[in-house]
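Raw query-v2.txt, compact mmCIF, C-alpha atoms:
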# COMPACT_ATOMS: atom_id res chain seq x y z
CA MET D 1 -40.01 -8.81 -34.15
CA ALA D 2 -37.38 -9.46 -31.47
CA GLU D 3 -38.64 -10.30 -28.00
CA LYS D 4 -38.16 -7.55 -25.45
CA GLN D 5 -35.54 -8.14 -22.79
CA ARG D 6 -37.05 -8.43 -19.34
CA ILE D 7 -35.77 -6.61 -16.27
CA LEU D 8 -36.89 -7.36 -12.73
CA ILE D 9 -36.77 -4.28 -10.47
CA VAL D 10 -36.54 -5.08 -6.75
CA ASP D 11 -36.84 -2.00 -4.52
CA ASP D 12 -39.00 -1.34 -1.46
CA ASP D 13 -39.34 2.34 -2.45
CA GLU D 14 -42.23 2.22 -4.91
CA ASN D 15 -41.48 5.70 -6.26
CA ILE D 16 -37.90 4.75 -7.13
CA ALA D 17 -39.03 1.45 -8.66
CA GLU D 18 -41.61 3.23 -10.83
CA LEU D 19 -39.07 5.83 -11.92
CA ILE D 20 -36.56 3.15 -12.92
CA SER D 21 -39.31 1.28 -14.75
CA LEU D 22 -40.18 4.44 -16.67
CA TYR D 23 -36.57 4.95 -17.78
CA LEU D 24 -36.24 1.35 -18.95
CA THR D 25 -39.64 1.16 -20.62
CA LYS D 26 -38.64 4.14 -22.75
CA GLU D 27 -35.65 2.05 -23.87
CA CYS D 28 -38.04 -0.74 -24.93
CA TYR D 29 -37.36 -3.10 -22.03
CA GLU D 30 -40.14 -5.06 -20.36
CA THR D 31 -40.10 -4.46 -16.63
CA ARG D 32 -41.68 -5.93 -13.54
CA MET D 33 -41.54 -4.34 -10.09
CA VAL D 34 -41.52 -6.12 -6.75
CA TYR D 35 -40.97 -4.55 -3.35
CA ASP D 36 -39.36 -7.19 -1.14
CA GLY D 37 -36.89 -10.05 -1.41
CA GLU D 38 -39.38 -12.85 -0.85
CA GLU D 39 -41.54 -11.67 -3.73
CA ALA D 40 -38.45 -11.34 -5.95
CA LEU D 41 -37.54 -14.99 -5.38
CA LYS D 42 -41.16 -16.00 -5.97
CA VAL D 43 -41.60 -14.27 -9.35
CA PHE D 44 -38.10 -14.97 -10.69
CA PRO D 45 -38.82 -18.45 -12.15
CA SER D 46 -41.93 -17.36 -14.05
CA PHE D 47 -40.81 -13.90 -15.18
CA LYS D 48 -37.39 -15.20 -16.30
CA PRO D 49 -35.64 -11.80 -16.32
CA ASN D 50 -32.61 -11.09 -18.48
CA LEU D 51 -31.30 -8.82 -15.72
CA ILE D 52 -32.17 -7.90 -12.13
CA LEU D 53 -31.85 -4.47 -10.51
CA LEU D 54 -31.61 -5.36 -6.83
CA ASP D 55 -31.83 -2.94 -3.92
CA LEU D 56 -29.87 -4.09 -0.88
CA MET D 57 -31.98 -2.71 1.95
CA LEU D 58 -35.18 -4.71 1.59
CA PRO D 59 -37.69 -5.71 4.27
CA GLY D 60 -37.46 -9.33 5.36
CA ILE D 61 -34.96 -11.01 3.04
CA ASP D 62 -32.35 -8.39 2.16
CA GLY D 63 -30.66 -7.95 -1.21
CA TYR D 64 -27.53 -9.82 -0.17
CA GLN D 65 -29.55 -12.93 0.68
CA VAL D 66 -31.60 -12.64 -2.51
CA CYS D 67 -28.38 -12.50 -4.54
CA ARG D 68 -26.96 -15.48 -2.66
CA GLU D 69 -30.05 -17.60 -3.30
CA LEU D 70 -30.27 -16.64 -6.97
CA ARG D 71 -26.61 -17.45 -7.54
CA ALA D 72 -27.18 -20.97 -6.22
CA SER D 73 -29.12 -21.79 -9.41
CA SER D 74 -28.70 -18.97 -11.92
CA GLN D 75 -26.11 -16.70 -13.52
CA VAL D 76 -28.63 -14.00 -14.51
CA PRO D 77 -26.89 -10.59 -14.39
CA ILE D 78 -27.50 -8.63 -11.19
CA ILE D 79 -26.85 -4.93 -10.66
CA MET D 80 -27.04 -4.02 -6.99
CA LEU D 81 -28.49 -0.66 -5.96
CA SER D 82 -27.60 0.84 -2.60
CA ALA D 83 -27.19 4.07 -0.67
CA LYS D 84 -24.13 2.46 0.93
CA GLY D 85 -20.97 3.56 -0.84
CA GLU D 86 -18.34 1.96 1.38
CA ILE D 87 -15.77 -0.36 -0.21
CA PHE D 88 -16.83 -3.18 2.15
CA ASP D 89 -20.40 -3.13 0.87
CA LYS D 90 -19.30 -3.14 -2.78
CA VAL D 91 -16.87 -6.01 -2.21
CA LEU D 92 -19.46 -8.05 -0.33
CA GLY D 93 -21.93 -7.59 -3.18
CA LEU D 94 -19.34 -8.68 -5.73
CA GLU D 95 -18.31 -11.67 -3.61
CA LEU D 96 -21.92 -12.84 -3.62
CA GLY D 97 -21.99 -12.70 -7.41
CA ALA D 98 -23.27 -9.25 -8.43
CA ASP D 99 -22.10 -8.02 -11.83
CA ASP D 100 -22.20 -4.32 -11.00
CA TYR D 101 -22.93 -2.00 -8.07
CA MET D 102 -24.55 1.46 -8.27
CA ILE D 103 -24.76 3.97 -5.45
CA LYS D 104 -27.97 5.91 -4.85
CA PRO D 105 -28.82 8.53 -5.92
CA PHE D 106 -27.79 7.74 -9.48
CA ASP D 107 -28.24 9.43 -12.83
CA SER D 108 -30.91 7.84 -15.02
CA LYS D 109 -28.71 7.90 -18.11
CA GLU D 110 -25.90 6.13 -16.25
CA LEU D 111 -28.32 3.47 -15.00
CA VAL D 112 -29.59 2.79 -18.52
CA ALA D 113 -26.02 2.74 -19.86
CA ARG D 114 -24.91 0.20 -17.26
CA VAL D 115 -27.95 -1.98 -17.92
CA LYS D 116 -27.14 -1.99 -21.62
CA ALA D 117 -23.46 -2.70 -20.98
CA VAL D 118 -24.16 -5.68 -18.70
CA LEU D 119 -26.74 -7.12 -21.10
CA ARG D 120 -24.30 -6.76 -24.01
CA ARG D 121 -21.67 -8.75 -22.14
CA TYR D 122 -23.95 -11.46 -20.88
CA GLN D 123 -25.08 -14.43 -22.91
CA PRO D 124 -26.31 -17.71 -21.39
CA VAL D 125 -23.66 -20.39 -21.57
CA PRO D 126 -24.58 -22.72 -24.43
CA ALA D 127 -24.93 -26.44 -23.98
CA PRO D 128 -21.59 -28.27 -24.26
CA ALA D 129 -20.74 -29.01 -27.86
CA ALA D 130 -19.36 -32.23 -29.17
CA ALA D 131 -15.82 -32.96 -28.07
CA ALA D 132 -14.47 -32.49 -31.60
CA ALA D 133 -16.04 -29.05 -32.07
CA VAL D 134 -13.65 -26.19 -32.81
CA PRO D 135 -14.20 -22.91 -30.93
CA GLN D 136 -15.24 -19.94 -33.08
CA GLY D 137 -14.55 -16.22 -32.68
CA ASP D 138 -12.28 -14.58 -30.12
CA TYR D 139 -10.96 -17.25 -27.79
CA VAL D 140 -7.85 -18.47 -26.00
CA GLU D 141 -7.11 -22.14 -25.58
CA TYR D 142 -4.79 -23.99 -23.24
CA GLN D 143 -4.63 -27.51 -21.90
CA ASP D 144 -8.01 -28.24 -20.23
CA LEU D 145 -9.19 -24.64 -20.73
CA VAL D 146 -10.96 -22.68 -23.50
CA VAL D 147 -12.18 -19.13 -22.82
CA ASN D 148 -14.39 -17.78 -25.61
CA LEU D 149 -15.14 -14.06 -25.51
CA THR D 150 -17.44 -14.16 -28.54
CA ASN D 151 -20.13 -16.32 -26.94
CA TYR D 152 -19.03 -15.77 -23.32
CA SER D 153 -18.35 -19.41 -22.58
CA VAL D 154 -15.68 -21.23 -20.59
CA THR D 155 -14.86 -24.90 -21.08
CA TYR D 156 -12.73 -26.46 -18.35
CA ARG D 157 -11.67 -30.09 -18.52
CA GLY D 158 -14.39 -30.75 -21.08
CA HIS D 159 -17.21 -29.18 -19.06
CA SER D 160 -18.93 -25.80 -19.44
CA ILE D 161 -18.32 -23.51 -16.46
CA GLU D 162 -20.84 -20.79 -15.70
CA MET D 163 -19.26 -17.39 -15.04
CA PRO D 164 -20.65 -13.88 -14.71
CA PRO D 165 -19.35 -11.56 -17.47
CA LYS D 166 -16.71 -9.78 -15.39
CA GLU D 167 -15.11 -13.02 -14.21
CA LEU D 168 -14.93 -14.30 -17.78
CA GLU D 169 -13.55 -11.01 -19.13
CA LEU D 170 -10.86 -10.95 -16.43
CA LEU D 171 -9.83 -14.54 -17.17
CA TYR D 172 -9.78 -13.89 -20.92
CA PHE D 173 -7.75 -10.71 -20.51
CA LEU D 174 -5.09 -12.43 -18.40
CA ALA D 175 -4.99 -15.57 -20.54
CA SER D 176 -4.65 -13.47 -23.71
CA SER D 177 -1.31 -12.14 -22.42
CA PRO D 178 0.44 -15.18 -20.93
CA ASN D 179 3.19 -14.48 -18.39
CA GLN D 180 2.53 -10.73 -18.47
CA VAL D 181 2.12 -9.19 -15.03
CA PHE D 182 -0.76 -6.74 -14.52
CA THR D 183 -1.25 -4.53 -11.50
CA ARG D 184 -4.65 -4.43 -9.85
CA GLU D 185 -5.06 -0.86 -11.10
CA GLN D 186 -4.39 -1.95 -14.70
CA LEU D 187 -6.93 -4.75 -14.42
CA LEU D 188 -9.51 -2.38 -12.93
CA ASP D 189 -8.98 0.05 -15.79
CA HIS D 190 -9.23 -2.63 -18.51
CA ILE D 191 -12.14 -4.66 -17.11
CA TRP D 192 -14.22 -2.28 -14.98
CA GLY D 193 -13.36 1.17 -16.25
CA TYR D 194 -12.70 4.45 -14.52
CA GLU D 195 -15.58 4.28 -12.02
CA TYR D 196 -13.93 1.46 -10.09
CA ILE D 197 -10.48 3.01 -9.80
CA GLY D 198 -9.39 2.72 -6.18
CA ASP D 199 -11.49 -0.35 -5.41
CA THR D 200 -8.57 -2.73 -5.89
CA ARG D 201 -10.16 -5.42 -3.71
CA THR D 202 -12.67 -5.88 -6.52
CA VAL D 203 -9.91 -7.63 -8.51
CA ASP D 204 -8.97 -9.85 -5.55
CA VAL D 205 -12.59 -10.93 -5.13
CA HIS D 206 -12.90 -11.95 -8.78
CA ILE D 207 -9.57 -13.78 -8.79
CA LYS D 208 -10.71 -15.70 -5.71
CA ARG D 209 -13.95 -16.69 -7.45
CA LEU D 210 -12.06 -17.78 -10.58
CA ARG D 211 -9.77 -19.98 -8.51
CA GLU D 212 -12.78 -21.63 -6.91
CA LYS D 213 -14.05 -22.63 -10.38
CA ILE D 214 -10.85 -23.54 -12.22
CA LYS D 215 -7.75 -25.10 -10.71
CA ASP D 216 -4.20 -24.62 -11.96
CA SER D 217 -2.96 -27.26 -14.37
CA GLU D 218 0.49 -28.70 -15.04
CA SER D 219 0.99 -26.24 -17.91
CA TRP D 220 -0.63 -23.02 -16.63
CA ALA D 221 -1.65 -21.22 -13.45
CA LEU D 222 -3.50 -18.12 -12.34
CA SER D 223 -0.64 -16.69 -10.28
CA THR D 224 -0.28 -13.92 -7.73
CA VAL D 225 2.74 -11.66 -8.12
CA TRP D 226 3.13 -10.46 -4.56
CA GLY D 227 3.12 -6.72 -4.11
CA ILE D 228 2.17 -6.14 -7.75
CA GLY D 229 -0.85 -8.02 -9.07
CA TYR D 230 -1.61 -11.12 -11.15
CA LYS D 231 -0.61 -13.01 -14.28
CA PHE D 232 -1.70 -16.03 -16.27
CA GLU D 233 1.49 -18.07 -15.98
CA VAL D 234 2.27 -20.53 -18.74
CA LYS D 235 4.80 -23.04 -17.52
CA LYS D 236 7.71 -24.16 -19.68

As structure tokens, how would this structure be written, given the file I've shared?
Amino acid sequence: MAEKQRILIVDDDENIAELISLYLTKECYETRMVYDGEEALKVFPSFKPNLILLDLMLPGIDGYQVCRELRASSQVPIIMLSAKGEIFDKVLGLELGADDYMIKPFDSKELVARVKAVLRRYQPVPAPAAAAAVPQGDYVEYQDLVVNLTNYSVTYRGHSIEMPPKELELLYFLASSPNQVFTREQLLDHIWGYEYIGDTRTVDVHIKRLREKIKDSESWALSTVWGIGYKFEVKK
């Protein structure tokens, strides 16, 4: 029998936390509820969640700081929950490494659907294989760079690079169509779906994070097309 996937629910409103737990337990997830950021950081190593639902407005250590500290050592998927719907708050959450952002109040079916979608995309990056190993599945390969969508892994200059699912999907999408220019709106539609239409800074945030992890090579570059969007440029 397959082991249940574990979800850590971090929300200072016990009623909301219990309601979320009820929804997810019905979907056969194992849940654990904590009510402040300090407790979340304390139980994380032992509970080893497959995903975290993280409220932003927590007593003491807020959700932003919890996300920042978790991202220093882990790529576990994080869905932020907040009553704040402003673009600034969403972008800040994404910059800190969240994989998704839901605005309260939310529909229970949508929450479960997003949890399932994030978990489907995310797989821990496997240990680096031998240098002679050939990638399997859906992947793109360039000098110093292999992006594998099948096992959600990125190899850059011979080393595995940890990336949240959305960063990897964005890189794969661009690299799969070399030299083709995509607008921010097109990238939002392909990678994030309809619910993010209008939040074009989301794309800029993820491009910035990609550039921090992989640097342009002599044969390719992650290029900005000013006034339009981005492209994976393959140099002649």

Report, in Å to a single decimal, how far apart atom CA of Thr202 of chain D and atom CA of Gly97 of chain D are.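 Atom CA of Gly97 of chain D sits 11.6 Å away from atom CA of Thr202 of chain D.
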
For Tyr142 of chain D: contacts at 10 Å, only C-alpha atoms, fewer than 4 positions along chain excluded, given as a tab-separated table (two decimals) with C-alpha atoms, in the coordinates of the input:
chain	number	residue	atom	x	y	z
D	146	VAL	CA	-10.96	-22.68	-23.50
D	147	VAL	CA	-12.18	-19.13	-22.82
D	156	TYR	CA	-12.73	-26.46	-18.35
D	175	ALA	CA	-4.99	-15.57	-20.54
D	217	SER	CA	-2.96	-27.26	-14.37
D	219	SER	CA	0.99	-26.24	-17.91
D	220	TRP	CA	-0.63	-23.02	-16.63
D	234	VAL	CA	2.27	-20.53	-18.74

Of the residues D:Ile228, D:Met163, D:Ile191, D:Leu92, which is the one nearest to Arg71 of chain D, using only C-alpha atoms?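 Among the listed residues, D:Met163 lies closest to Arg71 of chain D.
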
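Closest approach to Thr150 of chain D among D:Arg121, D:Glu212, D:Glu162, D:Ser74 is made by D:Arg121 (distances from only C-alpha atoms).
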
One decimal, in Å: what's the spacing between atom CA of Lys104 of chain D and atom CA of Ala83 of chain D?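 Computed distance, atom CA of Lys104 of chain D to atom CA of Ala83 of chain D, equals 4.6 Å.
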
Residue nearest Asp107 of chain D among D:Ile20, D:Ile79, D:Gly60, D:Gln186 (counting all atoms listed in the file): D:Ile20

Point-to-point distance from atom CA of Val66 of chain D to atom CA of His159 of chain D, Å rounded to tenths: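 We find that atom CA of Val66 of chain D and atom CA of His159 of chain D lie 27.5 Å from each other.
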
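Once Tyr23 of chain D and its same-chain neighbours fewer than 3 positions away are set aside, Ile7, Ile9, Ile16, Ala17, Glu18, Leu19, Ile20, Lys26, Glu27, Cys28, Tyr29, Glu30, Thr31, Asp107, Ser108, Lys109, Glu110, Leu111, Val112, Ala113 and Val115 of chain D remain within 12 Å of it when counting all atoms listed in the file.
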